[in-house]
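Okay, so here's the structure we're looking at.
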Amino acid sequence: MRHLLHMASYSSQTNMHARNLAIVWAPNLLRSKDIEATGFNGTAAFMEVRVQSIVVEFILTHVEQLFGDAPLRGTSWPGRGGNT
């Protein structure tokens with residue numbers, strides 16, 4: 001999520017702000033087995049993806065509140081060497 005947030009920081013050049021990134025990435029991040037299993041199409045699939053994108057946009061706009069400043073697994077703390 002932090003990577004997507006970093007990408008959103010370039011939205012003035014790319015026009016990929018949190019909402020656009022959420023629309024693009026939500027189906028991959030929150031894949032719905034219901035859609036895949038039942039073969040939803042049309043309005044039902046659109047509504048499912050819409051809900052997914054709203055959730056991902058919320059997460060992107062609240063990364064610090066949700067995840068704090070702790071480094072992700074396998075990354076190092078700022079100013080310290082090595083992996084955690």
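Identifiers in the structure tokens: chain A, B, ... in order shown; residue index from 1 per chain; ligand index from 1 in order shown.
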
All residues 12 Å or closer to A:Leu60, only C-alpha atoms, same chain fewer than 6 positions away omitted, as a PyMOL selection string: chain A and resi 1-9+17-23+25-26+53-54+66-67

Distance in Å - atom CA of A:Val51 versus atom CA of A:Asn28: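 Spanning atom CA of A:Val51 to atom CA of A:Asn28 is a straight-line distance of 13.1 Å.
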